[in-house]
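Data block for data16.cif (mmCIF, C-alpha atoms):
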data_model
#
loop_
_atom_site.label_atom_id
_atom_site.label_comp_id
_atom_site.auth_asym_id
_atom_site.auth_seq_id
_atom_site.Cartn_x
_atom_site.Cartn_y
_atom_site.Cartn_z
CA MET A 3 5.24 29.08 -15.65
CA ASN A 4 6.12 30.92 -12.43
CA ARG A 5 9.70 31.42 -11.25
CA SER A 6 9.45 28.97 -8.35
CA HIS A 7 8.20 26.18 -10.61
CA LEU A 8 10.95 26.92 -13.14
CA LEU A 9 13.62 26.73 -10.45
CA GLN A 10 12.24 23.40 -9.27
CA GLN A 11 12.60 22.01 -12.79
CA LEU A 12 16.21 23.17 -12.98
CA ILE A 13 17.27 21.48 -9.72
CA PRO A 14 18.82 18.05 -10.47
CA ALA A 15 16.92 15.01 -9.20
CA SER A 16 19.98 13.96 -7.17
CA ALA A 17 19.94 17.28 -5.30
CA LYS A 18 16.23 16.93 -4.55
CA ARG A 19 16.84 13.41 -3.24
CA PHE A 20 19.66 14.60 -0.98
CA VAL A 21 17.53 17.36 0.52
CA GLY A 22 14.49 15.12 0.90
CA VAL A 23 16.41 12.31 2.58
CA ARG A 24 18.17 14.71 4.95
CA ARG A 25 14.87 16.28 5.96
CA GLU A 26 13.26 12.88 6.55
CA ARG A 27 16.22 11.60 8.57
CA LYS A 28 16.06 14.66 10.79
CA SER A 29 12.33 14.39 11.48
CA LEU A 30 12.57 10.64 12.09
CA ALA A 31 15.45 11.08 14.54
CA ALA A 32 13.25 13.38 16.61
CA ALA A 33 10.44 10.80 16.87
CA PRO A 34 10.27 8.98 20.23
CA THR A 35 11.04 5.27 20.21
CA VAL A 36 7.97 3.10 19.65
CA PRO A 37 7.76 -0.43 21.14
CA HIS A 38 7.18 -3.18 18.62
CA ARG A 39 6.65 -6.90 18.18
CA SER A 40 7.09 -9.26 15.26
CA ASP A 41 5.81 -12.60 16.55
CA ASN A 42 2.64 -12.49 14.43
CA LEU A 43 4.48 -11.76 11.17
CA ARG A 44 4.67 -14.59 8.67
CA PRO A 45 8.26 -15.92 8.33
CA ALA A 46 9.91 -14.72 5.12
CA ASP A 47 11.55 -18.09 4.46
CA GLY A 48 8.21 -19.72 3.76
CA VAL A 49 7.02 -17.16 1.18
CA ASP A 50 7.46 -17.93 -2.54
CA LEU A 51 6.93 -14.40 -3.78
CA ALA A 52 8.07 -15.05 -7.34
CA GLY A 53 5.83 -18.09 -7.64
CA MET A 54 2.87 -16.17 -6.26
CA LEU A 55 3.10 -13.62 -9.07
CA VAL A 56 3.13 -16.21 -11.87
CA SER A 57 0.85 -18.90 -10.45
CA GLN A 58 -1.90 -20.29 -12.65
CA GLU A 59 -4.42 -19.88 -9.85
CA ALA A 60 -3.57 -16.18 -9.46
CA ASP A 61 -3.90 -15.76 -13.22
CA ARG A 62 -7.31 -17.44 -13.12
CA LEU A 63 -8.52 -15.23 -10.27
CA TRP A 64 -7.31 -12.16 -12.18
CA ARG A 65 -9.24 -13.23 -15.27
CA ASP A 66 -12.31 -13.89 -13.15
CA SER A 67 -12.12 -10.31 -11.81
CA GLN A 68 -12.00 -8.65 -15.22
CA GLU A 69 -15.77 -8.52 -15.52
CA ILE A 70 -15.82 -6.39 -12.36
CA LEU A 71 -12.65 -4.35 -12.89
CA GLY A 72 -13.41 -3.67 -16.55
CA ARG A 73 -16.43 -1.58 -15.60
CA PHE A 74 -14.25 1.24 -14.29
CA ALA A 75 -11.78 3.60 -15.96
CA ILE A 76 -9.63 4.35 -12.91
CA PRO A 77 -7.25 7.23 -13.66
CA ASP A 78 -3.49 6.79 -13.27
CA GLY A 79 -0.93 9.30 -12.02
CA THR A 80 -3.09 10.53 -9.14
CA GLY A 81 -0.68 9.67 -6.33
CA GLY A 82 -2.15 6.23 -5.79
CA VAL A 83 -1.08 2.82 -7.03
CA ASN A 84 -0.49 2.45 -10.77
CA PRO A 85 -2.32 -0.21 -12.83
CA GLY A 86 0.56 -2.68 -12.60
CA ASP A 87 0.69 -2.32 -8.82
CA ARG A 88 -3.07 -2.83 -8.61
CA ARG A 89 -2.69 -6.14 -10.42
CA ALA A 90 0.14 -7.13 -8.07
CA VAL A 91 -2.06 -6.39 -5.05
CA HIS A 92 -4.78 -8.59 -6.55
CA TYR A 93 -2.26 -11.43 -7.03
CA LEU A 94 -0.99 -11.10 -3.45
CA ILE A 95 -4.51 -11.30 -2.06
CA GLY A 96 -5.10 -14.36 -4.24
CA GLY A 97 -1.84 -15.91 -3.10
CA PHE A 98 -2.01 -15.27 0.64
CA LYS A 99 -5.79 -15.79 0.79
CA PRO A 100 -6.42 -13.48 3.76
CA LEU A 101 -9.81 -13.52 5.41
CA SER A 102 -9.46 -9.99 6.78
CA VAL A 103 -7.66 -7.08 5.09
CA LEU A 104 -6.87 -3.59 6.37
CA GLU A 105 -5.94 -0.86 3.91
CA VAL A 106 -4.52 2.43 5.18
CA GLY A 107 -4.97 5.10 2.50
CA THR A 108 -8.12 4.74 0.40
CA HIS A 109 -7.52 7.75 -1.90
CA ILE A 110 -9.71 7.22 -5.01
CA GLY A 111 -10.25 3.54 -4.27
CA ALA A 112 -7.99 2.00 -6.94
CA SER A 113 -6.34 -0.59 -4.72
CA THR A 114 -9.52 -0.84 -2.64
CA LEU A 115 -11.43 -2.09 -5.67
CA HIS A 116 -8.70 -4.58 -6.58
CA VAL A 117 -8.51 -6.02 -3.08
CA ALA A 118 -12.31 -6.36 -3.00
CA ALA A 119 -12.35 -7.97 -6.44
CA ALA A 120 -9.71 -10.49 -5.36
CA LEU A 121 -11.71 -11.35 -2.24
CA ARG A 122 -14.83 -11.75 -4.39
CA ALA A 123 -13.01 -13.94 -6.95
CA SER A 124 -11.98 -16.39 -4.23
CA PRO A 125 -14.97 -16.26 -1.88
CA ARG A 126 -14.51 -17.22 1.76
CA ALA A 127 -17.17 -16.91 4.42
CA GLY A 128 -16.56 -13.83 6.54
CA ALA A 129 -14.04 -12.19 4.17
CA ARG A 130 -13.82 -8.43 4.68
CA LEU A 131 -11.82 -5.34 3.81
CA VAL A 132 -11.58 -2.27 6.04
CA THR A 133 -10.14 0.77 4.26
CA VAL A 134 -9.14 3.82 6.33
CA ASP A 135 -8.35 7.34 5.17
CA ILE A 136 -7.75 10.58 7.04
CA ALA A 137 -9.88 12.34 4.41
CA ASP A 138 -13.56 11.73 3.78
CA VAL A 139 -13.01 10.13 0.38
CA ASN A 140 -16.76 9.59 -0.12
CA ASP A 141 -17.86 13.14 0.77
CA ALA A 142 -20.96 13.61 -1.41
CA GLY A 143 -20.74 17.38 -1.12
CA LYS A 144 -17.09 18.00 -1.98
CA LYS A 145 -16.73 15.00 -4.31
CA PRO A 146 -12.92 14.81 -3.87
CA TRP A 147 -12.58 11.99 -6.43
CA LEU A 148 -13.48 14.40 -9.25
CA ALA A 149 -10.27 16.37 -8.65
CA TYR A 150 -8.33 13.23 -9.65
CA GLY A 151 -10.40 12.45 -12.72
CA ALA A 152 -12.38 9.58 -11.19
CA ALA A 153 -16.00 9.25 -12.26
CA SER A 154 -17.30 7.71 -9.03
CA SER A 155 -16.55 7.80 -5.33
CA PRO A 156 -14.73 4.79 -3.87
CA ARG A 157 -17.93 3.66 -2.14
CA ASP A 158 -19.97 3.97 -5.33
CA MET A 159 -17.36 1.96 -7.24
CA ILE A 160 -17.44 -0.78 -4.64
CA GLU A 161 -21.24 -0.86 -4.69
CA GLN A 162 -21.35 -0.94 -8.51
CA ALA A 163 -18.85 -3.79 -8.44
CA GLY A 164 -21.17 -5.80 -6.20
CA CYS A 165 -18.64 -5.81 -3.36
CA GLY A 166 -20.46 -3.58 -0.90
CA ASP A 167 -20.93 -6.44 1.54
CA LEU A 168 -17.15 -6.96 1.73
CA VAL A 169 -15.92 -3.41 2.34
CA GLU A 170 -16.13 -1.00 5.25
CA PHE A 171 -15.00 2.61 4.75
CA VAL A 172 -13.56 4.43 7.76
CA HIS A 173 -12.86 8.18 7.93
CA ASP A 174 -10.18 8.43 10.62
CA THR A 175 -6.46 8.51 11.24
CA SER A 176 -4.77 5.13 11.07
CA LEU A 177 -3.51 5.35 14.65
CA ASN A 178 -6.86 6.32 16.12
CA TYR A 179 -8.63 3.58 14.19
CA ALA A 180 -6.10 1.03 15.43
CA ARG A 181 -6.65 2.10 19.03
CA THR A 182 -10.42 1.74 18.83
CA CYS A 183 -11.24 -0.90 16.19
CA GLY A 184 -10.95 -4.05 18.31
CA SER A 185 -10.21 -6.06 15.16
CA ARG A 186 -7.32 -8.09 13.81
CA PHE A 187 -6.23 -8.66 10.23
CA ASP A 188 -4.39 -11.22 8.11
CA PHE A 189 -3.13 -8.70 5.54
CA ILE A 190 -2.39 -5.00 6.08
CA PHE A 191 -1.57 -2.61 3.24
CA LEU A 192 0.12 0.59 4.44
CA ASP A 193 -0.32 3.28 1.79
CA GLY A 194 -1.31 6.37 3.75
CA GLY A 195 1.16 9.05 4.85
CA HIS A 196 4.66 8.36 3.56
CA ARG A 197 6.66 10.55 5.91
CA ALA A 198 9.28 8.55 7.79
CA GLU A 199 7.93 9.35 11.26
CA THR A 200 4.39 8.45 10.12
CA VAL A 201 5.39 5.03 8.80
CA TYR A 202 7.60 4.49 11.85
CA GLY A 203 4.52 4.93 14.03
CA GLU A 204 2.16 2.93 11.81
CA ILE A 205 4.21 -0.26 11.42
CA PRO A 206 4.29 -1.16 15.16
CA VAL A 207 0.55 -0.49 15.36
CA ALA A 208 -0.04 -2.68 12.30
CA LEU A 209 2.03 -5.42 13.91
CA GLU A 210 -0.27 -5.29 16.94
CA LEU A 211 -3.30 -5.75 14.69
CA LEU A 212 -1.94 -8.74 12.80
CA GLU A 213 -3.37 -12.20 13.15
CA PRO A 214 -0.67 -14.90 13.57
CA GLY A 215 0.96 -15.52 10.20
CA GLY A 216 -0.11 -12.13 8.85
CA VAL A 217 1.76 -9.95 6.36
CA ILE A 218 2.24 -6.22 5.85
CA LEU A 219 2.49 -4.69 2.38
CA LEU A 220 4.33 -1.38 1.95
CA HIS A 221 4.00 1.06 -0.94
CA ASP A 222 6.75 3.42 -2.12
CA TYR A 223 9.58 1.38 -0.61
CA PHE A 224 12.88 2.39 -2.22
CA PRO A 225 15.63 -0.10 -1.22
CA ASP A 226 18.83 1.67 -0.11
CA LEU A 227 17.15 4.96 -1.09
CA LYS A 228 17.98 4.40 -4.76
CA PRO A 229 15.67 5.50 -7.60
CA LEU A 230 13.54 2.78 -9.12
CA TRP A 231 12.67 4.65 -12.31
CA SER A 232 14.32 6.99 -14.78
CA ASN A 233 12.64 10.04 -13.23
CA GLY A 234 15.12 9.82 -10.34
CA VAL A 235 12.44 10.22 -7.67
CA VAL A 236 12.92 8.61 -4.27
CA ILE A 237 10.34 8.61 -1.46
CA PRO A 238 12.54 7.92 1.57
CA GLY A 239 9.99 7.58 4.38
CA PRO A 240 9.06 3.87 4.29
CA TYR A 241 12.68 2.70 3.88
CA LEU A 242 13.97 4.94 6.67
CA ALA A 243 11.17 3.87 9.00
CA VAL A 244 11.84 0.16 8.49
CA HIS A 245 15.60 0.70 8.77
CA ARG A 246 15.19 2.38 12.16
CA LEU A 247 12.81 -0.31 13.45
CA VAL A 248 15.20 -3.10 12.42
CA SER A 249 18.13 -1.24 14.02
CA GLU A 250 16.06 -1.13 17.22
CA GLY A 251 15.61 -4.90 17.19
CA LEU A 252 12.52 -5.56 15.06
CA ASP A 253 12.83 -9.12 13.74
CA ALA A 254 11.71 -8.32 10.20
CA ARG A 255 12.83 -8.61 6.62
CA VAL A 256 11.62 -6.64 3.60
CA LEU A 257 10.94 -8.49 0.36
CA PRO A 258 10.60 -5.96 -2.49
CA LEU A 259 8.45 -7.25 -5.33
CA GLY A 260 11.04 -5.84 -7.76
CA ALA A 261 10.18 -6.40 -11.43
CA LEU A 262 6.68 -7.67 -12.15
CA PRO A 263 5.57 -9.86 -15.09
CA TRP A 264 3.57 -6.89 -16.46
CA PRO A 265 4.09 -3.13 -16.99
CA THR A 266 3.88 -0.63 -14.12
CA LYS A 267 5.10 2.92 -14.84
CA GLU A 268 7.81 4.91 -16.63
CA ASN A 269 7.91 2.26 -19.38
CA SER A 270 9.10 -0.34 -16.90
CA ARG A 271 7.88 -3.36 -14.94
CA VAL A 272 9.36 -2.16 -11.67
CA THR A 273 7.22 -1.69 -8.57
CA SER A 274 7.81 -0.01 -5.22
CA LEU A 275 5.61 -2.55 -3.44
CA ALA A 276 7.37 -4.57 -0.75
CA LEU A 277 6.33 -7.17 1.81
CA LEU A 278 7.31 -6.89 5.46
CA LEU A 279 7.81 -10.35 6.94
CA ARG A 280 9.55 -11.94 9.90
CA ASP A 281 13.25 -12.60 9.44
CA GLY A 282 13.25 -16.16 10.62
#

Final C-alpha coordinates representation of the file:
Amino acid sequence: MNRSHLLQQLIPASAKRFVGVRRERKSLAAAPTVPHRSDNLRPADGVDLAGMLVSQEADRLWRDSQEILGRFAIPDGTGGVNPGDRRAVHYLIGGFKPLSVLEVGTHIGASTLHVAAALRASPRAGARLVTVDIADVNDAGKKPWLAYGAASSPRDMIEQAGCGDLVEFVHDTSLNYARTCGSRFDFIFLDGGHRAETVYGEIPVALELLEPGGVILLHDYFPDLKPLWSNGVVIPGPYLAVHRLVSEGLDARVLPLGALPWPTKENSRVTSLALLLRDG
(Lines of atoms letter the chains of each structure in order from A and count residues from 1; the text may use other names and numbers.)
(Lines give C-alpha, C1' and ligand atoms only; values in the text may rest on other atoms or scores of the structure.)
Protein backbone atom coordinates (compact mmCIF):
# COMPACT_ATOMS: atom_id res chain seq x y z
CA MET A 1 0.00 0.00 0.00
CA ASN A 2 1.49 3.36 -1.02
CA ARG A 3 1.71 6.32 1.36
CA SER A 4 -1.00 8.35 -0.38
CA HIS A 5 -3.50 5.51 -0.18
CA LEU A 6 -2.64 4.94 3.49
CA LEU A 7 -3.20 8.60 4.30
CA GLN A 8 -6.56 8.50 2.54
CA GLN A 9 -7.62 5.61 4.76
CA LEU A 10 -6.62 7.51 7.89
CA ILE A 11 -8.66 10.63 7.05
CA PRO A 12 -12.07 10.48 8.81
CA ALA A 13 -15.12 10.21 6.57
CA SER A 14 -16.49 13.43 8.07
CA ALA A 15 -13.37 15.33 6.98
CA LYS A 16 -13.63 13.92 3.46
CA ARG A 17 -17.28 14.98 3.32
CA PHE A 18 -16.44 18.52 4.46
CA VAL A 19 -13.74 18.92 1.82
CA GLY A 20 -15.87 17.37 -0.92
CA VAL A 21 -18.91 19.51 -0.17
CA ARG A 22 -16.83 22.69 0.00
CA ARG A 23 -15.21 21.93 -3.35
CA GLU A 24 -18.58 21.20 -4.97
CA ARG A 25 -20.18 24.35 -3.55
CA LYS A 26 -17.34 26.44 -4.92
CA SER A 27 -17.51 24.99 -8.43
CA LEU A 28 -21.31 25.24 -8.50
CA ALA A 29 -21.23 28.88 -7.40
CA ALA A 30 -19.05 29.67 -10.40
CA ALA A 31 -21.51 28.12 -12.87
CA PRO A 32 -23.63 30.64 -14.80
CA THR A 33 -27.36 30.65 -14.08
CA VAL A 34 -29.32 28.31 -16.34
CA PRO A 35 -32.97 29.08 -17.27
CA HIS A 36 -35.44 26.37 -16.36
CA ARG A 37 -39.07 25.33 -16.52
CA SER A 38 -41.16 22.88 -14.54
CA ASP A 39 -44.55 22.92 -16.26
CA ASN A 40 -44.10 19.45 -17.79
CA LEU A 41 -43.14 17.79 -14.49
CA ARG A 42 -45.73 15.51 -12.95
CA PRO A 43 -47.18 17.01 -9.73
CA ALA A 44 -45.75 15.33 -6.62
CA ASP A 45 -49.11 15.31 -4.83
CA GLY A 46 -50.51 12.76 -7.25
CA VAL A 47 -47.67 10.23 -6.91
CA ASP A 48 -48.10 7.28 -4.51
CA LEU A 49 -44.45 6.31 -4.35
CA ALA A 50 -44.80 3.88 -1.45
CA GLY A 51 -47.70 2.11 -3.14
CA MET A 52 -45.80 1.87 -6.41
CA LEU A 53 -43.00 -0.08 -4.73
CA VAL A 54 -45.31 -2.68 -3.16
CA SER A 55 -48.01 -3.00 -5.80
CA GLN A 56 -49.07 -6.46 -6.92
CA GLU A 57 -48.82 -5.43 -10.56
CA ALA A 58 -45.22 -4.26 -10.10
CA ASP A 59 -44.42 -7.54 -8.36
CA ARG A 60 -45.95 -9.46 -11.26
CA LEU A 61 -43.97 -7.50 -13.85
CA TRP A 62 -40.79 -8.13 -11.84
CA ARG A 63 -41.48 -11.87 -11.79
CA ASP A 64 -42.20 -11.81 -15.51
CA SER A 65 -38.78 -10.21 -16.12
CA GLN A 66 -36.81 -12.83 -14.21
CA GLU A 67 -36.48 -15.09 -17.23
CA ILE A 68 -34.66 -12.25 -19.00
CA LEU A 69 -32.72 -10.78 -16.07
CA GLY A 70 -31.67 -14.18 -14.75
CA ARG A 71 -29.54 -14.79 -17.84
CA PHE A 72 -26.96 -12.23 -16.74
CA ALA A 73 -24.57 -12.05 -13.80
CA ILE A 74 -24.20 -8.27 -13.64
CA PRO A 75 -21.37 -7.32 -11.28
CA ASP A 76 -22.01 -5.02 -8.31
CA GLY A 77 -19.74 -2.34 -6.86
CA THR A 78 -18.70 -0.96 -10.25
CA GLY A 79 -19.93 2.60 -9.72
CA GLY A 80 -23.34 1.90 -11.20
CA VAL A 81 -26.66 1.09 -9.58
CA ASN A 82 -26.70 -1.76 -7.07
CA PRO A 83 -29.06 -4.75 -7.46
CA GLY A 84 -31.67 -3.27 -5.12
CA ASP A 85 -31.68 0.01 -7.06
CA ARG A 86 -32.04 -1.90 -10.33
CA ARG A 87 -35.17 -3.55 -8.99
CA ALA A 88 -36.51 -0.16 -7.86
CA VAL A 89 -35.97 1.26 -11.34
CA HIS A 90 -37.89 -1.68 -12.80
CA TYR A 91 -40.78 -1.04 -10.38
CA LEU A 92 -40.85 2.68 -11.24
CA ILE A 93 -41.02 1.93 -14.95
CA GLY A 94 -43.84 -0.52 -14.23
CA GLY A 95 -45.63 2.02 -12.08
CA PHE A 96 -45.34 5.13 -14.25
CA LYS A 97 -45.70 3.16 -17.49
CA PRO A 98 -43.66 5.55 -19.67
CA LEU A 99 -43.71 5.11 -23.41
CA SER A 100 -40.35 6.81 -23.90
CA VAL A 101 -37.37 6.66 -21.51
CA LEU A 102 -34.06 8.52 -21.59
CA GLU A 103 -31.15 7.25 -19.52
CA VAL A 104 -28.06 9.42 -19.05
CA GLY A 105 -25.13 7.21 -18.03
CA THR A 106 -25.15 3.72 -19.55
CA HIS A 107 -21.97 2.44 -17.84
CA ILE A 108 -22.09 -1.40 -18.01
CA GLY A 109 -25.80 -1.46 -18.80
CA ALA A 110 -27.18 -2.63 -15.44
CA SER A 111 -30.05 -0.16 -15.21
CA THR A 112 -30.35 -0.15 -19.01
CA LEU A 113 -31.22 -3.85 -18.97
CA HIS A 114 -33.72 -3.40 -16.14
CA VAL A 115 -35.50 -0.52 -17.85
CA ALA A 116 -35.68 -2.53 -21.09
CA ALA A 117 -36.95 -5.60 -19.24
CA ALA A 118 -39.67 -3.54 -17.57
CA LEU A 119 -40.74 -2.09 -20.92
CA ARG A 120 -40.80 -5.60 -22.38
CA ALA A 121 -42.81 -7.00 -19.44
CA SER A 122 -45.55 -4.43 -20.00
CA PRO A 123 -45.52 -4.05 -23.78
CA ARG A 124 -46.83 -0.86 -25.35
CA ALA A 125 -46.67 -0.02 -29.03
CA GLY A 126 -43.83 2.40 -29.70
CA ALA A 127 -42.09 1.94 -26.33
CA ARG A 128 -38.40 2.88 -26.47
CA LEU A 129 -35.33 3.55 -24.35
CA VAL A 130 -32.50 5.86 -25.40
CA THR A 131 -29.37 5.46 -23.27
CA VAL A 132 -26.58 8.04 -23.59
CA ASP A 133 -23.01 7.86 -22.35
CA ILE A 134 -19.99 10.09 -22.90
CA ALA A 135 -17.90 6.93 -23.29
CA ASP A 136 -18.28 4.36 -26.06
CA VAL A 137 -19.58 1.64 -23.74
CA ASN A 138 -19.89 -0.84 -26.61
CA ASP A 139 -16.41 -0.33 -28.07
CA ALA A 140 -15.59 -3.77 -29.52
CA GLY A 141 -11.88 -3.01 -29.54
CA LYS A 142 -11.34 -1.70 -26.02
CA LYS A 143 -14.12 -3.78 -24.41
CA PRO A 144 -14.52 -1.38 -21.44
CA TRP A 145 -17.09 -3.63 -19.73
CA LEU A 146 -14.39 -6.22 -19.00
CA ALA A 147 -12.63 -3.80 -16.65
CA TYR A 148 -15.74 -3.91 -14.43
CA GLY A 149 -16.13 -7.68 -14.51
CA ALA A 150 -19.04 -7.76 -16.96
CA ALA A 151 -19.11 -10.64 -19.42
CA SER A 152 -20.90 -8.79 -22.24
CA SER A 153 -21.19 -5.29 -23.60
CA PRO A 154 -24.40 -3.40 -22.81
CA ARG A 155 -25.54 -3.78 -26.43
CA ASP A 156 -24.84 -7.52 -26.43
CA MET A 157 -26.78 -7.92 -23.18
CA ILE A 158 -29.74 -6.07 -24.60
CA GLU A 159 -29.65 -8.17 -27.78
CA GLN A 160 -29.36 -11.43 -25.81
CA ALA A 161 -32.32 -10.33 -23.70
CA GLY A 162 -34.43 -9.91 -26.83
CA CYS A 163 -34.82 -6.17 -26.23
CA GLY A 164 -32.76 -4.85 -29.13
CA ASP A 165 -35.81 -3.36 -30.79
CA LEU A 166 -36.52 -1.23 -27.70
CA VAL A 167 -33.10 0.31 -27.05
CA GLU A 168 -30.97 2.89 -28.82
CA PHE A 169 -27.38 3.44 -27.66
CA VAL A 170 -25.92 6.93 -28.09
CA HIS A 171 -22.24 7.83 -27.65
CA ASP A 172 -22.36 11.56 -26.84
CA THR A 173 -22.51 14.08 -24.04
CA SER A 174 -25.93 14.50 -22.48
CA LEU A 175 -26.11 18.19 -23.35
CA ASN A 176 -25.13 17.72 -26.97
CA TYR A 177 -27.60 14.87 -27.39
CA ALA A 178 -30.36 17.01 -25.89
CA ARG A 179 -29.62 19.84 -28.31
CA THR A 180 -29.79 17.60 -31.37
CA CYS A 181 -32.13 14.68 -30.61
CA GLY A 182 -35.47 16.29 -31.45
CA SER A 183 -37.21 13.84 -29.11
CA ARG A 184 -39.22 14.05 -25.91
CA PHE A 185 -39.50 11.57 -23.05
CA ASP A 186 -41.92 10.52 -20.33
CA PHE A 187 -39.23 9.31 -17.92
CA ILE A 188 -35.63 10.55 -17.64
CA PHE A 189 -33.02 8.85 -15.46
CA LEU A 190 -30.02 11.10 -14.73
CA ASP A 191 -27.08 8.92 -13.70
CA GLY A 192 -24.14 10.35 -15.64
CA GLY A 193 -21.70 12.88 -14.19
CA HIS A 194 -22.42 13.61 -10.54
CA ARG A 195 -20.55 16.88 -10.15
CA ALA A 196 -22.83 19.65 -8.93
CA GLU A 197 -22.31 21.91 -11.94
CA THR A 198 -22.94 18.96 -14.29
CA VAL A 199 -26.26 18.04 -12.70
CA TYR A 200 -27.19 21.73 -12.47
CA GLY A 201 -26.82 21.94 -16.24
CA GLU A 202 -28.49 18.61 -17.01
CA ILE A 203 -31.72 19.05 -15.03
CA PRO A 204 -32.97 22.13 -16.96
CA VAL A 205 -32.16 20.36 -20.23
CA ALA A 206 -34.02 17.25 -19.04
CA LEU A 207 -36.99 19.43 -18.13
CA GLU A 208 -37.05 20.75 -21.70
CA LEU A 209 -37.15 17.19 -23.04
CA LEU A 210 -40.01 16.02 -20.83
CA GLU A 211 -43.42 15.19 -22.17
CA PRO A 212 -46.26 16.70 -20.09
CA GLY A 213 -46.63 14.69 -16.88
CA GLY A 214 -43.09 13.34 -17.11
CA VAL A 215 -40.76 12.50 -14.22
CA ILE A 216 -37.03 12.71 -13.60
CA LEU A 217 -35.18 10.10 -11.54
CA LEU A 218 -31.93 11.07 -9.81
CA HIS A 219 -29.22 8.73 -8.57
CA ASP A 220 -26.87 9.47 -5.64
CA TYR A 221 -29.17 12.04 -4.05
CA PHE A 222 -28.16 12.56 -0.41
CA PRO A 223 -30.85 14.62 1.40
CA ASP A 224 -29.34 17.45 3.47
CA LEU A 225 -25.90 16.07 2.54
CA LYS A 226 -26.14 13.39 5.22
CA PRO A 227 -24.67 9.88 4.79
CA LEU A 228 -27.15 7.18 3.86
CA TRP A 229 -24.94 4.24 4.81
CA SER A 230 -22.45 3.30 7.50
CA ASN A 231 -19.50 4.02 5.20
CA GLY A 232 -20.09 7.74 5.74
CA VAL A 233 -19.83 8.58 2.04
CA VAL A 234 -21.79 11.52 0.63
CA ILE A 235 -21.94 12.48 -3.05
CA PRO A 236 -23.01 16.13 -2.82
CA GLY A 237 -23.50 17.08 -6.47
CA PRO A 238 -27.14 16.12 -7.16
CA TYR A 239 -28.43 17.59 -3.87
CA LEU A 240 -26.53 20.86 -4.32
CA ALA A 241 -27.69 21.19 -7.92
CA VAL A 242 -31.35 20.74 -7.03
CA HIS A 243 -31.01 23.05 -4.02
CA ARG A 244 -29.65 25.84 -6.21
CA LEU A 245 -32.33 25.36 -8.87
CA VAL A 246 -35.12 25.50 -6.27
CA SER A 247 -33.55 28.60 -4.69
CA GLU A 248 -33.66 30.18 -8.16
CA GLY A 249 -37.38 29.51 -8.46
CA LEU A 250 -37.70 26.01 -9.91
CA ASP A 251 -41.13 24.70 -8.88
CA ALA A 252 -39.95 21.22 -7.94
CA ARG A 253 -39.94 18.79 -5.05
CA VAL A 254 -37.64 15.82 -4.48
CA LEU A 255 -39.15 12.55 -3.28
CA PRO A 256 -36.34 10.24 -2.07
CA LEU A 257 -37.25 6.58 -2.33
CA GLY A 258 -35.74 6.09 1.14
CA ALA A 259 -35.90 2.49 2.40
CA LEU A 260 -36.94 -0.13 -0.14
CA PRO A 261 -38.79 -3.41 0.54
CA TRP A 262 -35.63 -5.32 -0.45
CA PRO A 263 -31.85 -5.09 0.21
CA THR A 264 -29.63 -2.55 -1.54
CA LYS A 265 -26.09 -2.12 -0.17
CA GLU A 266 -24.06 -1.96 3.05
CA ASN A 267 -26.43 -4.49 4.65
CA SER A 268 -29.31 -2.04 4.35
CA ARG A 269 -32.44 -1.37 2.31
CA VAL A 270 -31.63 2.29 1.78
CA THR A 271 -31.36 3.78 -1.70
CA SER A 272 -30.04 7.08 -3.03
CA LEU A 273 -32.64 7.13 -5.81
CA ALA A 274 -34.98 10.11 -5.75
CA LEU A 275 -37.77 11.43 -7.96
CA LEU A 276 -37.88 15.04 -9.11
CA LEU A 277 -41.48 16.18 -9.44
CA ARG A 278 -43.42 19.43 -9.54
CA ASP A 279 -44.19 20.97 -6.16
CA GLY A 280 -47.85 21.58 -6.75

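The set of protein, DNA and RNA residues with any counted atom at most 6 Å from (-8.8, -8.8, 1.6) (all atoms listed in the file) reads A:Pro100, A:Ser102, A:Val103, A:Val117, A:Leu121, A:Arg130, A:Leu131.
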
Computed interatomic separation between atom CA of A:Ala90 and atom CA of A:Trp264 (Å)
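Going from atom CA of A:Ala90 over to atom CA of A:Trp264 covers 9.1 Å.
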
Expanded to explicit residues, what is the PyMOL selection byres ((chain A and resi 192) around 7) for this file, as an mmCIF file with C-alpha atoms, keeping the file's coordinate frame?
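Written file, selection_10.cif:
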data_model
loop_
_atom_site.group_PDB
_atom_site.id
_atom_site.type_symbol
_atom_site.label_atom_id
_atom_site.label_comp_id
_atom_site.auth_asym_id
_atom_site.auth_seq_id
_atom_site.Cartn_x
_atom_site.Cartn_y
_atom_site.Cartn_z
ATOM 1 C CA GLU A 105 -5.940 -0.860 3.910
ATOM 2 C CA VAL A 106 -4.520 2.430 5.180
ATOM 3 C CA ILE A 190 -2.390 -5.000 6.080
ATOM 4 C CA PHE A 191 -1.570 -2.610 3.240
ATOM 5 C CA ASP A 193 -0.320 3.280 1.790
ATOM 6 C CA GLY A 194 -1.310 6.370 3.750
ATOM 7 C CA LEU A 219 2.490 -4.690 2.380
ATOM 8 C CA LEU A 220 4.330 -1.380 1.950
ATOM 9 C CA HIS A 221 4.000 1.060 -0.940
#

For this session: For the file shown, report as a PyMOL selection string the outcome of the PyMOL selection byres ((chain A and resi 63-72) around 10) at residue level.
Result: chain A and resi 58-62+73-76+89-90+92-93+95-97+112+115-116+118-124+159-160+162-165

Once the PyMOL selection byres ((chain A and resi 180) around 12) has been applied to the shown file, what residues remain in the selection, as a PyMOL selection string?
chain A and resi 104-106+132-134+172+174-179+181-187+190+203-212

Using the file's own x, y and z axes, so that the box edges lie along x, y and z, what centre and edge lengths in Å (one decimal) does a box around every listed atom of stretch 44-48 of chain A get when 4 Å is added on each side? Give it as lines of an AutoDock Vina configuration file.
center_x = 8.1
center_y = -17.2
center_z = 6.2
size_x = 14.9
size_y = 13.1
size_z = 12.9

Expressed in Å, the length from atom CA of A:Ile136 to atom CA of A:Ile110 is 12.7 Å

* To do: Fewer than 4 positions away in the same chain doesn't count, so skip those; otherwise give me all residues within 10 Å of A:Ala33, counting only C-alpha atoms, as a ChimeraX atom specification.
  => /A:28-29,198-200,202-203

Could you give me, as a list in words, the residues that have an atom at most 10 Å away from the point (8.9, 10.0, 4.0) in the coordinates of the file, using all atoms listed in the file? Gly22, Val23, Arg25, Glu26, Arg27, Ser29, Leu30, Gly195, His196, Arg197, Ala198, Glu199, Thr200, Val201, Tyr202, Asp222, Tyr223, Val236, Ile237, Pro238, Gly239, Pro240, Tyr241, Leu242 and Ala243 of chain A

Using all atoms listed in the file, the shortest atom-to-atom distance to A:Ser232 among A:Val256, A:Val272, A:Ala129, A:Leu247 belongs to A:Val272

task = Could you tell me how far atom CA of A:Gly166 lies from atom CA of A:Thr266, in Å and to one decimal?
result =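 So the two atoms, atom CA of A:Gly166 and atom CA of A:Thr266, lie 27.9 Å apart.
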
Quick one: residues within 8 Å of A:Pro45, all atoms listed in the file counted, chain neighbours fewer than 2 positions away excluded, as a PyMOL selection string? chain A and resi 43+47-49+215+279-282
